[in-house]
Every structure is written in structure tokens, then in C-alpha cells.
Amino acid sequence: GNVQYSGAYASMGVDNSLDLQQLKRDFKTRINSLTDEVLSVDLIGIDASLANALRRILISEVPTMAIEKVFIANNTSIMQDEVLAHRLGLVPVRAPPSEFQYKKEEDVANESNTIVFRLLTKCTRGDNGEIEGGSVLSSQLQWLPQGSRLPEGAQPDARYTAFMNTQTTAAPGGEIATVNSDILINRLRPGQEMDLEAHAVKGIGRTHAKWSAVATAFYRLLPEITLPKPIVGADAEELVAKCPLNVFDIEDLGGVKSAKVSRPRDCTICRECIRDPAWETRVVLKRKKDHFIFTIESTGQIPPEQLFKEAISILRKKSEKVMALI
């Protein structure tokens, strides 16, 4: 039960069997670079199906918080209410999804399933004639830890949420806010104003792209470049000049200039080095089929290294669910 055979590549003489013990023995990860928003990691000894499963989970199944409903009390700008609500929905919200529950349509909005933002702004013209408040930015979305302040219907005490407690403890390390403070939401002219509440809920990218935790997640196979025979002298200089990504270098071997592959990871297999038919057999371009360079670009809501762990956790839960049915 540890070996699964796939004959999809049998005609090519390739054994695509998946051996669980071999996977446990050979699988390795290596972090290449890590910033606040981008993680580059090598996945070695893994099958393409597993790499693609992680990619799809990152894009569509890691939960985040995003604005779902917008209650507009006043909007005299040129932007239609529907367009304004759509733009607000795409503004990334920094909040810990694990602290919140999913909200169904029939559920009451409360502190455990809804985050409330207030946007109240007006454009005016100063005494010197300059326009003030002409640009409405995401930084003007004010988090309301106590819930909605807009009256619902004719009853003055009724609100759109039913918060029993404050949400102050739901944001470890800082307040709940938008990821970026300089996203342009709208432009106003003197006399125009906006008064609205935006309610964010928990969701996944499969429902709508606004809940996707990543700007993108992708992978590519590690390039493998070999030179069957030494390339020396003027040919070595020509090869270095051919490559637009500086994959090749020249080294001095006993006074002879010789080409060497210095940065195979930078190669995109553009084939520029073998475009001339005379070079087709002098440079061999391949890819390692079990070595993936995986890149995760976070929207900033969740650190990329945490996204990677979360994707693995979701894949594990999916696998356990399938195993329970077998």
C-alpha cells in the first residue's frame, strides 16, 4: 500500500510511481529568501501533483477576512454605490482569521464573525482655494471594536451588529486595519461626502478572489544546464554574451578562457543560447522533474511563511478526510 503506480509516462520509459517511503526519505525543503510578503522555497523530491495541490490551496482555501457588506448612509461622489462597495471589498484587511468564525447569511453579525469599519469624510475647499480631502484612502477606514454605529431602520437604538464584547483582544500585536494605508478608494470634489460602514467577514478565495490570501503562488522546475564538451576561447565569450540573464561565466583554466554554468537557477529556458542551430548540441537544457522552486507572494494579511504552514495543514486535513472514507 506504500507504492502507487501511474503508467501515464510508460510510453516514454519514465516510471512515475509514488513510493511513500521514498518520499519520506528524499523530501527536503530549503528556504531561498524570505521577506514580509514573499517566500521562495525549494521543494525537493516531491511530485508535481503535491506541489500543485499546495499552490491551489494557497490561492483558494486559506481563509482571510475581507469586506463583504457595505452600508452606505451617504455618498454624493461621482462613484456609484455598487462600484464603491466592490472597491472596498478588494482592500486587504489585516486581521487574524483564526480569531473569527465563518458567518452564514442568516447569522447575526457579532464580535466573533464580523469586523466593522467606518468611513466618514467630506471634501472642502480651504480659504486659500486649495482642495482638502480630495483623495479618499484606505487609511481612513476606522476600525470600530464595539461594532456598528449606524442606526438600522426607524428604531434609533437598533444597529447592524449585536456585539456583546469589544474586539480589542482579537488583534495581537496591533489594531485591526487595512494592510496598506495608501490605497485610493475614491476621489471627491468640494461639497461631496461619504458616510458608510464596511463589514468584513471570514471567507476563502474559492468563494471570491477578495478572500485569497496570496497575490499569487507559483512554482517552476529547477533548470539543469550542462555543457557536453568544453567551450573555450571566443566561443566561451559568445555564449556568455548570448544569455540575457547572465547564467554563464568565464573561468581561467591554465590561461584558457572556458565557459561554465554559474547561475542555473536564474535560467528561464528562454533557449536564446541555442537559438543558432550550431549551438543546439553544445548546450543541453533540462529541468529536474522533482525539484520545484516555489514562490508565495502574500497580500500582506498573513506572513508568507505562515501561509505555507497553513496550506500544508489544510492538505493534511484533506488527506485525513479521504483516508477516513477508504
# chains A, B, ... in the order shown; residues from 1 in each chain; ligands from 1
call {"tool": "residues_around", "arguments": {"residues": "Ser60 of chain A", "least_positions_apart": "5", "cutoff": "6 Å", "atoms": "only C-alpha atoms", "output": "PyMOL selection string"}}
result
chain A and resi 204-206+212
call {"tool": "write_last_selection", "arguments": {"atoms": "C-alpha atoms", "output": "mmCIF file, in the first residue's frame"}}
result
data_model
loop_
_atom_site.group_PDB
_atom_site.id
_atom_site.type_symbol
_atom_site.label_atom_id
_atom_site.label_comp_id
_atom_site.auth_asym_id
_atom_site.auth_seq_id
_atom_site.Cartn_x
_atom_site.Cartn_y
_atom_site.Cartn_z
ATOM 1 C CA ILE A 204 -11.812 31.713 1.244
ATOM 2 C CA GLY A 205 -10.614 32.557 -2.247
ATOM 3 C CA ARG A 206 -12.727 29.801 -3.800
ATOM 4 C CA SER A 212 -7.458 34.975 -1.465
#
call {"tool": "residues_around", "arguments": {"residues": "segment 177-182 of chain A", "least_positions_apart": "2", "cutoff": "12 Å", "atoms": "only C-alpha atoms", "output": "PyMOL selection string"}}
result
chain A and resi 36-37+65-67+88-96+115-118+135-145+168+170-171+173-175+184-186+198+200+213+298-303
call {"tool": "atom_distance", "arguments": {"atom1": "atom CA of Val322 of chain A", "atom2": "atom CA of Leu50 of chain A"}}
result
15.1 Å
call {"tool": "select_by_dssp", "arguments": {"residues": "segment 92-247 of chain A", "states": "strand (DSSP E)", "output": "count of residues only"}}
result
49
call {"tool": "residues_around", "arguments": {"residues": "Lys202 of chain A", "least_positions_apart": "5", "cutoff": "7 Å", "atoms": "only C-alpha atoms", "output": "list in words"}}
result
Pro63, Thr64, Met65, Ala66, Pro97, Phe100, Gln101, Tyr102 and Lys103 of chain A
call {"tool": "atom_distance", "arguments": {"atom1": "atom CA of Lys69 of chain A", "atom2": "atom CA of His199 of chain A"}}
result
5.2 Å
call {"tool": "residues_around", "arguments": {"residues": "segment 225-241 of chain A", "least_positions_apart": "5", "cutoff": "8 Å", "atoms": "only C-alpha atoms", "output": "list in words"}}
result
Asn246, Val247, Phe248, Asp249, Ile250, Val256, Lys257, Ser258, Ala259, Lys260, Val261, Pro264, Cys273, Thr281, Arg282, Val283, Val284, Leu285 and Lys286 of chain A
call {"tool": "write_last_selection", "arguments": {"atoms": "all heavy atoms", "output": "short mmCIF file (atom, residue, chain, number, x, y, z; two decimals), in the first residue's frame"}}
result
data_model
loop_
_atom_site.label_atom_id
_atom_site.label_comp_id
_atom_site.auth_asym_id
_atom_site.auth_seq_id
_atom_site.Cartn_x
_atom_site.Cartn_y
_atom_site.Cartn_z
N ASN A 246 22.61 36.24 -17.64
CA ASN A 246 23.96 36.05 -17.09
C ASN A 246 24.09 34.72 -16.32
O ASN A 246 24.63 34.67 -15.21
CB ASN A 246 24.33 37.21 -16.16
CG ASN A 246 24.40 38.53 -16.90
OD1 ASN A 246 24.89 38.60 -18.02
ND2 ASN A 246 23.87 39.58 -16.28
N VAL A 247 23.58 33.66 -16.93
CA VAL A 247 23.68 32.34 -16.32
C VAL A 247 25.11 31.80 -16.40
O VAL A 247 25.58 31.09 -15.51
CB VAL A 247 22.69 31.36 -16.99
CG1 VAL A 247 22.94 29.92 -16.53
CG2 VAL A 247 21.26 31.78 -16.71
N PHE A 248 25.82 32.17 -17.47
CA PHE A 248 27.17 31.65 -17.71
C PHE A 248 28.23 32.65 -17.30
O PHE A 248 28.04 33.86 -17.35
CB PHE A 248 27.35 31.30 -19.19
CG PHE A 248 26.33 30.33 -19.72
CD1 PHE A 248 25.21 30.78 -20.41
CD2 PHE A 248 26.46 28.97 -19.51
CE1 PHE A 248 24.27 29.91 -20.90
CE2 PHE A 248 25.53 28.07 -19.99
CZ PHE A 248 24.42 28.54 -20.69
N ASP A 249 29.40 32.12 -16.89
CA ASP A 249 30.58 32.92 -16.59
C ASP A 249 31.78 32.33 -17.32
O ASP A 249 31.71 31.22 -17.85
CB ASP A 249 30.85 32.94 -15.08
CG ASP A 249 30.05 34.00 -14.36
OD1 ASP A 249 29.57 34.93 -15.03
OD2 ASP A 249 29.87 33.87 -13.14
N ILE A 250 32.86 33.08 -17.31
CA ILE A 250 34.11 32.60 -17.89
C ILE A 250 35.12 32.40 -16.77
O ILE A 250 35.30 33.28 -15.92
CB ILE A 250 34.65 33.60 -18.93
CG1 ILE A 250 33.73 33.65 -20.15
CG2 ILE A 250 36.07 33.22 -19.36
CD1 ILE A 250 34.16 34.63 -21.22
N VAL A 256 43.48 29.45 -20.34
CA VAL A 256 42.47 29.28 -21.38
C VAL A 256 41.11 29.71 -20.83
O VAL A 256 40.68 29.24 -19.77
CB VAL A 256 42.40 27.81 -21.85
CG1 VAL A 256 41.30 27.64 -22.91
CG2 VAL A 256 43.75 27.36 -22.38
N LYS A 257 40.44 30.61 -21.55
CA LYS A 257 39.10 31.04 -21.15
C LYS A 257 38.10 29.93 -21.44
O LYS A 257 37.98 29.46 -22.57
CB LYS A 257 38.70 32.31 -21.91
CG LYS A 257 39.51 33.54 -21.55
CD LYS A 257 39.02 34.74 -22.32
CE LYS A 257 39.80 36.00 -21.92
NZ LYS A 257 39.34 37.20 -22.68
N SER A 258 37.38 29.53 -20.38
CA SER A 258 36.44 28.42 -20.52
C SER A 258 35.09 28.82 -19.92
O SER A 258 35.03 29.45 -18.85
CB SER A 258 36.98 27.18 -19.80
OG SER A 258 36.07 26.11 -19.91
N ALA A 259 33.99 28.48 -20.61
CA ALA A 259 32.65 28.81 -20.13
C ALA A 259 32.23 27.83 -19.05
O ALA A 259 32.55 26.63 -19.10
CB ALA A 259 31.65 28.77 -21.29
N LYS A 260 31.50 28.32 -18.05
CA LYS A 260 30.95 27.47 -17.00
C LYS A 260 29.55 27.96 -16.64
O LYS A 260 29.22 29.14 -16.81
CB LYS A 260 31.85 27.46 -15.77
CG LYS A 260 31.85 28.77 -14.98
CD LYS A 260 32.58 28.60 -13.66
CE LYS A 260 32.53 29.90 -12.84
NZ LYS A 260 33.17 29.73 -11.52
N VAL A 261 28.73 27.03 -16.13
CA VAL A 261 27.36 27.36 -15.70
C VAL A 261 27.44 27.81 -14.24
O VAL A 261 27.70 27.00 -13.35
CB VAL A 261 26.42 26.15 -15.84
CG1 VAL A 261 25.01 26.53 -15.46
CG2 VAL A 261 26.48 25.60 -17.26
N PRO A 264 22.50 28.50 -12.66
CA PRO A 264 21.42 27.77 -13.37
C PRO A 264 20.03 28.13 -12.85
O PRO A 264 19.05 28.06 -13.60
CB PRO A 264 21.75 26.30 -13.10
CG PRO A 264 22.59 26.31 -11.86
CD PRO A 264 23.37 27.58 -11.92
N CYS A 273 20.41 30.80 -25.90
CA CYS A 273 21.77 30.30 -26.08
C CYS A 273 21.87 29.23 -27.16
O CYS A 273 22.97 28.96 -27.68
CB CYS A 273 22.32 29.76 -24.76
SG CYS A 273 21.31 28.44 -24.04
N THR A 281 23.65 21.37 -29.94
CA THR A 281 24.27 20.22 -29.30
C THR A 281 25.37 20.60 -28.31
O THR A 281 25.90 19.74 -27.60
CB THR A 281 24.87 19.27 -30.35
OG1 THR A 281 25.84 20.00 -31.14
CG2 THR A 281 23.77 18.74 -31.28
N ARG A 282 25.69 21.89 -28.24
CA ARG A 282 26.78 22.32 -27.37
C ARG A 282 26.29 22.70 -25.97
O ARG A 282 27.08 22.73 -25.02
CB ARG A 282 27.54 23.49 -28.01
CG ARG A 282 28.06 23.16 -29.42
CD ARG A 282 28.89 24.29 -29.98
NE ARG A 282 30.17 24.40 -29.29
CZ ARG A 282 31.08 25.33 -29.57
NH1 ARG A 282 30.85 26.22 -30.56
NH2 ARG A 282 32.20 25.38 -28.91
N VAL A 283 24.99 23.03 -25.88
CA VAL A 283 24.39 23.37 -24.58
C VAL A 283 23.12 22.53 -24.43
O VAL A 283 22.26 22.54 -25.31
CB VAL A 283 24.03 24.87 -24.48
CG1 VAL A 283 23.42 25.17 -23.12
CG2 VAL A 283 25.26 25.73 -24.72
N VAL A 284 23.03 21.78 -23.34
CA VAL A 284 21.86 20.93 -23.09
C VAL A 284 21.03 21.56 -21.96
O VAL A 284 21.52 21.75 -20.85
CB VAL A 284 22.28 19.50 -22.70
CG1 VAL A 284 21.04 18.65 -22.41
CG2 VAL A 284 23.12 18.88 -23.81
N LEU A 285 19.76 21.85 -22.28
CA LEU A 285 18.85 22.46 -21.31
C LEU A 285 17.83 21.44 -20.85
O LEU A 285 17.12 20.84 -21.66
CB LEU A 285 18.12 23.65 -21.95
CG LEU A 285 19.00 24.77 -22.52
CD1 LEU A 285 18.13 25.85 -23.15
CD2 LEU A 285 19.88 25.38 -21.44
N LYS A 286 17.75 21.22 -19.56
CA LYS A 286 16.78 20.30 -18.98
C LYS A 286 16.18 20.92 -17.72
O LYS A 286 16.59 21.99 -17.28
CB LYS A 286 17.44 18.96 -18.63
CG LYS A 286 17.96 18.16 -19.82
CD LYS A 286 18.57 16.84 -19.33
CE LYS A 286 19.11 16.01 -20.49
NZ LYS A 286 19.71 14.74 -20.01
#
call {"tool": "closest_residue", "arguments": {"among": "A:Glu305, A:Glu197, A:Asp26, A:Glu251", "to": "Asn75 of chain A", "atoms": "only C-alpha atoms"}}
result
A:Glu197
call {"tool": "closest_residue", "arguments": {"among": "A:Asp42, A:Glu280, A:Glu272, A:Glu193", "to": "Glu132 of chain A", "atoms": "only C-alpha atoms"}}
result
A:Glu193
call {"tool": "closest_residue", "arguments": {"among": "A:Ser98, A:Ser77, A:Thr29, A:Thr268", "to": "Ala51 of chain A", "atoms": "only C-alpha atoms"}}
result
A:Thr29
call {"tool": "select_by_dssp", "arguments": {"residues": "segment 12-236 of chain A", "states": "alpha helix (DSSP H)", "output": "ChimeraX atom specification"}}
result
/A:20-26,48-60,81-89,233-236
call {"tool": "closest_residue", "arguments": {"among": "A:Thr114, A:Leu120, A:Val41, A:Val201", "to": "Gly147 of chain A", "atoms": "only C-alpha atoms"}}
result
A:Thr114
call {"tool": "closest_residue", "arguments": {"among": "A:Met164, A:Val83, A:Glu130, A:Leu39", "to": "Glu111 of chain A", "atoms": "only C-alpha atoms"}}
result
A:Met164
call {"tool": "closest_residue", "arguments": {"among": "A:Met194, A:Cys123, A:Leu222, A:Ser112", "to": "Ala162 of chain A", "atoms": "only C-alpha atoms"}}
result
A:Ser112
call {"tool": "atom_distance", "arguments": {"atom1": "atom CA of Gln192 of chain A", "atom2": "atom CA of Tyr160 of chain A"}}
result
25.1 Å
call {"tool": "residues_around", "arguments": {"residues": "Pro190 of chain A", "least_positions_apart": "3", "cutoff": "7 Å", "atoms": "only C-alpha atoms", "output": "compact mmCIF listing (two decimals) with N, CA, C and O atoms, in the first residue's frame"}}
result
# COMPACT_ATOMS: atom_id res chain seq x y z
N CYS A 123 -15.12 66.43 1.34
CA CYS A 123 -14.15 67.25 0.62
C CYS A 123 -14.55 68.71 0.73
O CYS A 123 -15.72 69.06 0.53
N THR A 124 -13.60 69.56 1.07
CA THR A 124 -13.87 71.00 1.21
C THR A 124 -12.81 71.80 0.45
O THR A 124 -11.78 71.26 0.04
N ARG A 125 -13.11 73.09 0.30
CA ARG A 125 -12.13 74.00 -0.31
C ARG A 125 -11.69 74.99 0.76
O ARG A 125 -12.51 75.66 1.38
N ILE A 131 -7.98 72.39 -2.47
CA ILE A 131 -8.95 71.34 -2.15
C ILE A 131 -8.39 70.46 -1.04
O ILE A 131 -7.25 70.00 -1.10
call {"tool": "residues_around", "arguments": {"residues": "Arg25 of chain A", "least_positions_apart": "3", "cutoff": "12 Å", "atoms": "only C-alpha atoms", "output": "PyMOL selection string"}}
result
chain A and resi 19-22+28+44-46
